[in-house]
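Enquirer: A single structure is presented below for examination.
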Amino acid sequence: MNYEHLVAKAQELVTLYGFKIIAALAILFLGWIASKLIRSIIRKLLTKMNVDSMLISFSSSITYVAFLAFFVIAALGQLGIQTTSFIAVIGAAGLAVGMALQGSLANFAAGVLMIIFKPFRTGNYIECAGTAGTVEEIGIFTMKLKSPDNREIIVPNGKILSDNIINYSAKEMRRVDIVARVSYKDDIDKVRKVLTKILESDNRILKDPVPTIGVLKLGDSSVDFVVRPWVKTADYWNVYFALQENIKKRFDAEGITIPFPQQDLHIDNVCDNDQNRTKYLQESDVK
């Protein structure tokens with residue numbers, strides 16, 4: 001009787017839970033295939049968008065795990081297991097992890113936005129978050145810059161996106177701004193002609209837009225000329241340094257003076273002041 005009772009009970013359990021077990025296994029199997037398929041689709045989409053390879057790997061892995069967890073919970077529900085508690089535990093754990101990794105998640109979100117909207121690219125020279133350098137790598141949480149003196153600078157993505165970004169490499173042309181100071185005794189028309197010849201002698205300076213040469217201001221000890229030619233972005237610093245040197249050489253050759261900062265000091269009533277000082281000292285000695 002006991003054996004027959006056990007067989008009957010087993011048949012009852014198989015009849016009751018067999019379909020549910022098969023359905024749960026089917027959900028797990030189909031969910032596993034679907035998760036892999038979705039991961040593959042996301043990889044292909046992000047690759048076509050030229051997204052960073054690190055972000056592609058991270059995003060596809062997160063998506064795969066999320067969908068697989070969803071199908072596992074669905075399979076447990078098919079077996080009659082109450083999944084509400086599992087969802088609550090997962091939600092609480094996710095909230096705790098989110099609070100603990102708040103800064104990291106902000107950096108991750110900023111990295112995703114930078115990769116999508118592309119305010120700069122690898123190889124651009126930018127200024128951001130209080131520093132500047134050439135972009136070497138845009139990561140998930142941080143970005144690597146190379147300073148002009150070959151230092152590696154790692155900046156959190158959140159700081160970059162929350163601050164102003166100056167991209168010096170974004171445009172094909174840049175304007176070189178130089179101030180040339182001359183003495184008040186020099187002929188400003190002659191100075192203008194000399195500066196014009198200096199610009200015309202450099203083939204790297206573009207003809208269009210036309211360079212600007214003009215009197216910027218009348219300073220305390222000099223007449224300040226502004227020199228603003230346009231160049232290709234790649235030639236900016238070479239032209240900048242060359243112009244500074246050429247201006248000095250041509251000014252020396254043309255007899256144009258580059259004045260030192262100076263001030264005139266006028267002293268009036270020297271004798272009266274000396275007499276008053278002597279009188280004051282005598283009165284002090286008497287007291």
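Within each chain, counting starts at residue 1; across the structure tokens, chains are named A, B, ... in the order shown, with ligands numbered 1 upward in that order.
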Pro259 of chain A: which residues within 10 Å, counting only C-alpha atoms, same-chain residues fewer than 2 positions away excluded, as a PDB file with C-alpha atoms, in the first residue's frame?

Expert:
ATOM      1  CA  ARG A 181      53.949  97.482 -28.927  1.00  0.00           C
ATOM      2  CA  VAL A 182      55.853 100.427 -30.407  1.00  0.00           C
ATOM      3  CA  SER A 183      57.077 103.754 -29.098  1.00  0.00           C
ATOM      4  CA  TYR A 184      55.032 106.947 -29.381  1.00  0.00           C
ATOM      5  CA  SER A 221      54.191 103.778 -22.455  1.00  0.00           C
ATOM      6  CA  SER A 222      53.422 102.379 -25.912  1.00  0.00           C
ATOM      7  CA  VAL A 223      51.116 102.334 -28.915  1.00  0.00           C
ATOM      8  CA  ILE A 256      61.161 100.649 -34.743  1.00  0.00           C
ATOM      9  CA  THR A 257      61.400 100.770 -30.973  1.00  0.00           C
ATOM     10  CA  PRO A 261      57.106  99.888 -19.447  1.00  0.00           C
ATOM     11  CA  GLN A 262      57.956 103.235 -17.868  1.00  0.00           C
TER      12      GLN A 262
END

Enquirer: Skip segment 158-166 of chain A itself and residues of its chain fewer than 3 positions away, then list as a PDB file with N, CA and C atoms, in the first residue's frame all residues within 12 Å of it, counting only C-alpha atoms.

Expert:
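So part-v4.pdb came out as:
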ATOM      1  N   GLN A 102      26.819  56.309  -6.900  1.00  0.00           N
ATOM      2  CA  GLN A 102      26.173  57.466  -7.503  1.00  0.00           C
ATOM      3  C   GLN A 102      27.130  58.250  -8.400  1.00  0.00           C
ATOM      4  N   GLY A 103      28.334  58.513  -7.885  1.00  0.00           N
ATOM      5  CA  GLY A 103      29.314  59.243  -8.683  1.00  0.00           C
ATOM      6  C   GLY A 103      29.735  58.462  -9.913  1.00  0.00           C
ATOM      7  N   SER A 104      29.929  57.151  -9.758  1.00  0.00           N
ATOM      8  CA  SER A 104      30.338  56.323 -10.893  1.00  0.00           C
ATOM      9  C   SER A 104      29.250  56.260 -11.959  1.00  0.00           C
ATOM     10  N   LEU A 105      27.987  56.174 -11.503  1.00  0.00           N
ATOM     11  CA  LEU A 105      26.886  56.131 -12.463  1.00  0.00           C
ATOM     12  C   LEU A 105      26.761  57.456 -13.211  1.00  0.00           C
ATOM     13  N   ALA A 106      27.011  58.568 -12.499  1.00  0.00           N
ATOM     14  CA  ALA A 106      26.986  59.874 -13.160  1.00  0.00           C
ATOM     15  C   ALA A 106      28.096  59.963 -14.204  1.00  0.00           C
ATOM     16  N   ASN A 107      29.273  59.439 -13.863  1.00  0.00           N
ATOM     17  CA  ASN A 107      30.372  59.435 -14.827  1.00  0.00           C
ATOM     18  C   ASN A 107      30.055  58.544 -16.020  1.00  0.00           C
ATOM     19  N   PHE A 108      29.411  57.395 -15.739  1.00  0.00           N
ATOM     20  CA  PHE A 108      29.021  56.488 -16.830  1.00  0.00           C
ATOM     21  C   PHE A 108      28.027  57.159 -17.769  1.00  0.00           C
ATOM     22  N   ALA A 109      26.998  57.806 -17.181  1.00  0.00           N
ATOM     23  CA  ALA A 109      25.999  58.491 -18.010  1.00  0.00           C
ATOM     24  C   ALA A 109      26.644  59.606 -18.828  1.00  0.00           C
ATOM     25  N   ALA A 110      27.564  60.343 -18.208  1.00  0.00           N
ATOM     26  CA  ALA A 110      28.252  61.412 -18.930  1.00  0.00           C
ATOM     27  C   ALA A 110      29.100  60.846 -20.070  1.00  0.00           C
ATOM     28  N   GLY A 111      29.750  59.707 -19.817  1.00  0.00           N
ATOM     29  CA  GLY A 111      30.539  59.080 -20.867  1.00  0.00           C
ATOM     30  C   GLY A 111      29.686  58.646 -22.050  1.00  0.00           C
ATOM     31  N   VAL A 112      28.515  58.089 -21.754  1.00  0.00           N
ATOM     32  CA  VAL A 112      27.599  57.675 -22.827  1.00  0.00           C
ATOM     33  C   VAL A 112      27.163  58.886 -23.651  1.00  0.00           C
ATOM     34  N   LEU A 113      26.808  59.983 -22.960  1.00  0.00           N
ATOM     35  CA  LEU A 113      26.357  61.186 -23.670  1.00  0.00           C
ATOM     36  C   LEU A 113      27.475  61.780 -24.528  1.00  0.00           C
ATOM     37  N   MET A 114      28.700  61.763 -24.008  1.00  0.00           N
ATOM     38  CA  MET A 114      29.816  62.306 -24.799  1.00  0.00           C
ATOM     39  C   MET A 114      30.075  61.478 -26.042  1.00  0.00           C
ATOM     40  N   ILE A 115      29.952  60.158 -25.902  1.00  0.00           N
ATOM     41  CA  ILE A 115      30.185  59.284 -27.049  1.00  0.00           C
ATOM     42  C   ILE A 115      29.072  59.439 -28.085  1.00  0.00           C
ATOM     43  N   PHE A 117      26.919  62.257 -28.498  1.00  0.00           N
ATOM     44  CA  PHE A 117      26.857  63.602 -29.074  1.00  0.00           C
ATOM     45  C   PHE A 117      28.203  64.095 -29.600  1.00  0.00           C
ATOM     46  N   LYS A 118      29.299  63.495 -29.167  1.00  0.00           N
ATOM     47  CA  LYS A 118      30.638  63.750 -29.699  1.00  0.00           C
ATOM     48  C   LYS A 118      31.010  65.235 -29.707  1.00  0.00           C
ATOM     49  N   PRO A 119      31.126  65.883 -28.531  1.00  0.00           N
ATOM     50  CA  PRO A 119      31.619  67.261 -28.516  1.00  0.00           C
ATOM     51  C   PRO A 119      33.087  67.353 -28.893  1.00  0.00           C
ATOM     52  N   PHE A 120      33.779  66.229 -28.874  1.00  0.00           N
ATOM     53  CA  PHE A 120      35.179  66.156 -29.301  1.00  0.00           C
ATOM     54  C   PHE A 120      35.483  64.718 -29.685  1.00  0.00           C
ATOM     55  N   ASN A 124      41.729  65.381 -30.576  1.00  0.00           N
ATOM     56  CA  ASN A 124      41.434  66.806 -30.429  1.00  0.00           C
ATOM     57  C   ASN A 124      42.135  67.371 -29.198  1.00  0.00           C
ATOM     58  N   TYR A 125      42.539  68.635 -29.303  1.00  0.00           N
ATOM     59  CA  TYR A 125      43.106  69.332 -28.147  1.00  0.00           C
ATOM     60  C   TYR A 125      41.982  70.145 -27.519  1.00  0.00           C
ATOM     61  N   ILE A 126      41.648  69.832 -26.262  1.00  0.00           N
ATOM     62  CA  ILE A 126      40.514  70.470 -25.608  1.00  0.00           C
ATOM     63  C   ILE A 126      40.930  71.047 -24.262  1.00  0.00           C
ATOM     64  N   GLU A 127      40.095  71.932 -23.770  1.00  0.00           N
ATOM     65  CA  GLU A 127      40.236  72.492 -22.422  1.00  0.00           C
ATOM     66  C   GLU A 127      38.935  72.228 -21.679  1.00  0.00           C
ATOM     67  N   CYS A 128      39.012  71.561 -20.531  1.00  0.00           N
ATOM     68  CA  CYS A 128      37.813  71.203 -19.790  1.00  0.00           C
ATOM     69  C   CYS A 128      38.177  70.892 -18.341  1.00  0.00           C
ATOM     70  N   ALA A 129      37.215  71.073 -17.449  1.00  0.00           N
ATOM     71  CA  ALA A 129      37.365  70.690 -16.038  1.00  0.00           C
ATOM     72  C   ALA A 129      38.649  71.223 -15.417  1.00  0.00           C
ATOM     73  N   GLY A 130      39.046  72.435 -15.810  1.00  0.00           N
ATOM     74  CA  GLY A 130      40.218  73.051 -15.221  1.00  0.00           C
ATOM     75  C   GLY A 130      41.547  72.544 -15.738  1.00  0.00           C
ATOM     76  N   THR A 131      41.547  71.773 -16.814  1.00  0.00           N
ATOM     77  CA  THR A 131      42.798  71.261 -17.378  1.00  0.00           C
ATOM     78  C   THR A 131      42.686  71.254 -18.897  1.00  0.00           C
ATOM     79  N   ALA A 132      43.769  70.902 -19.569  1.00  0.00           N
ATOM     80  CA  ALA A 132      43.775  70.896 -21.034  1.00  0.00           C
ATOM     81  C   ALA A 132      44.753  69.844 -21.534  1.00  0.00           C
ATOM     82  N   GLY A 133      44.472  69.323 -22.728  1.00  0.00           N
ATOM     83  CA  GLY A 133      45.344  68.322 -23.311  1.00  0.00           C
ATOM     84  C   GLY A 133      44.719  67.693 -24.542  1.00  0.00           C
ATOM     85  N   THR A 134      45.450  66.768 -25.141  1.00  0.00           N
ATOM     86  CA  THR A 134      44.973  66.047 -26.316  1.00  0.00           C
ATOM     87  C   THR A 134      44.224  64.796 -25.878  1.00  0.00           C
ATOM     88  N   ILE A 138      38.510  57.888 -24.588  1.00  0.00           N
ATOM     89  CA  ILE A 138      37.245  58.194 -23.930  1.00  0.00           C
ATOM     90  C   ILE A 138      36.714  56.900 -23.348  1.00  0.00           C
ATOM     91  N   GLY A 139      36.813  56.758 -22.028  1.00  0.00           N
ATOM     92  CA  GLY A 139      36.392  55.534 -21.366  1.00  0.00           C
ATOM     93  C   GLY A 139      34.982  55.618 -20.832  1.00  0.00           C
ATOM     94  N   ILE A 140      34.578  54.567 -20.120  1.00  0.00           N
ATOM     95  CA  ILE A 140      33.226  54.509 -19.574  1.00  0.00           C
ATOM     96  C   ILE A 140      33.055  55.506 -18.440  1.00  0.00           C
ATOM     97  N   PHE A 141      34.045  55.607 -17.579  1.00  0.00           N
ATOM     98  CA  PHE A 141      33.942  56.477 -16.408  1.00  0.00           C
ATOM     99  C   PHE A 141      34.890  57.673 -16.460  1.00  0.00           C
ATOM    100  N   THR A 142      35.982  57.564 -17.165  1.00  0.00           N
ATOM    101  CA  THR A 142      36.971  58.632 -17.205  1.00  0.00           C
ATOM    102  C   THR A 142      37.474  58.839 -18.624  1.00  0.00           C
ATOM    103  N   MET A 143      38.147  59.965 -18.813  1.00  0.00           N
ATOM    104  CA  MET A 143      38.766  60.257 -20.094  1.00  0.00           C
ATOM    105  C   MET A 143      40.252  60.551 -19.869  1.00  0.00           C
ATOM    106  N   LYS A 144      41.091  60.084 -20.781  1.00  0.00           N
ATOM    107  CA  LYS A 144      42.526  60.300 -20.674  1.00  0.00           C
ATOM    108  C   LYS A 144      42.946  61.413 -21.621  1.00  0.00           C
ATOM    109  N   LEU A 145      43.678  62.380 -21.066  1.00  0.00           N
ATOM    110  CA  LEU A 145      44.248  63.467 -21.851  1.00  0.00           C
ATOM    111  C   LEU A 145      45.772  63.386 -21.783  1.00  0.00           C
ATOM    112  N   ILE A 154      43.900  62.097 -16.165  1.00  0.00           N
ATOM    113  CA  ILE A 154      42.662  61.316 -16.135  1.00  0.00           C
ATOM    114  C   ILE A 154      41.579  62.178 -15.486  1.00  0.00           C
ATOM    115  N   VAL A 155      40.516  62.442 -16.228  1.00  0.00           N
ATOM    116  CA  VAL A 155      39.455  63.337 -15.769  1.00  0.00           C
ATOM    117  C   VAL A 155      38.141  62.558 -15.716  1.00  0.00           C
ATOM    118  N   SER A 169      40.540  72.018 -31.658  1.00  0.00           N
ATOM    119  CA  SER A 169      40.775  71.298 -32.914  1.00  0.00           C
ATOM    120  C   SER A 169      39.507  71.114 -33.738  1.00  0.00           C
ATOM    121  N   ALA A 170      38.392  71.653 -33.284  1.00  0.00           N
ATOM    122  CA  ALA A 170      37.117  71.383 -33.944  1.00  0.00           C
ATOM    123  C   ALA A 170      37.025  72.065 -35.311  1.00  0.00           C
ATOM    124  N   LYS A 171      37.598  73.253 -35.443  1.00  0.00           N
ATOM    125  CA  LYS A 171      37.496  74.014 -36.684  1.00  0.00           C
ATOM    126  C   LYS A 171      38.776  73.886 -37.502  1.00  0.00           C
TER     127      LYS A 171
END

Enquirer: Could you tell me which of A:Ile198, A:Ala69, A:Leu79, A:Met173 comes closest to Phe19 of chain A if we count only C-alpha atoms?

Expert: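 Smallest separation from Phe19 of chain A among the options: A:Leu79.
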
Enquirer: Select from segment 166-235 of chain A everything DSSP, run on the backbone, classes as strand (DSSP E or B), then give the selection as JSON, numbers by chain.

Expert: {"A": [166, 167, 173, 174, 175, 178, 179, 180, 181, 182, 205, 212, 213, 214, 215, 216, 217, 218, 223, 224, 225, 226, 227, 228, 230, 231, 232]}

Enquirer: Which residue gives the smallest distance to Val72 of chain A among A:Pro156, A:Pro209, A:Gly31, A:Gly219, with only C-alpha atoms counted?

Expert: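 Among A:Pro156, A:Pro209, A:Gly31, A:Gly219, it is A:Gly31 that comes nearest to Val72 of chain A.
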
Enquirer: Find the residues around Glu254 of chain A up to 10 Å (only C-alpha atoms counted), leave out those fewer than 2 positions away in its own chain, and share them as a list in words.

Expert: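 Counting only the stated atoms, we get Lys190, Val191, Val194, Lys249, Arg250, Phe251, Asp252, Ile256 and Thr257 of chain A.
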
Enquirer: Convert the current residue selection to file output with C-alpha atoms, as a short mmCIF file (atom, residue, chain, number, x, y, z; two decimals), in the first residue's frame.

Expert:
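So again-v8.cif came out as:
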data_model
loop_
_atom_site.label_atom_id
_atom_site.label_comp_id
_atom_site.auth_asym_id
_atom_site.auth_seq_id
_atom_site.Cartn_x
_atom_site.Cartn_y
_atom_site.Cartn_z
CA LYS A 190 55.37 102.71 -41.19
CA VAL A 191 54.64 100.20 -38.42
CA VAL A 194 56.11 96.57 -41.78
CA LYS A 249 63.77 91.08 -36.08
CA ARG A 250 61.98 93.37 -38.56
CA PHE A 251 61.37 96.05 -35.94
CA ASP A 252 65.08 96.05 -35.12
CA ILE A 256 61.16 100.65 -34.74
CA THR A 257 61.40 100.77 -30.97
#

Enquirer: In Å to one decimal, how far is atom CA of Arg175 of chain A from atom CA of Pro229 of chain A?

Expert: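 Separating atom CA of Pro229 of chain A from atom CA of Arg175 of chain A is a distance of 5.8 Å.
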
Enquirer: Grab the atom CA of Leu46 of chain A to atom CA of Asn157 of chain A distance for me, in Å with one decimal place.

Expert: 19.5 Å

Enquirer: State, in Å with one decimal place, the distance from atom CA of Phe225 of chain A to atom CA of Asp187 of chain A.

Expert: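 Taking atom CA of Phe225 of chain A and atom CA of Asp187 of chain A, their separation equals 12.2 Å.
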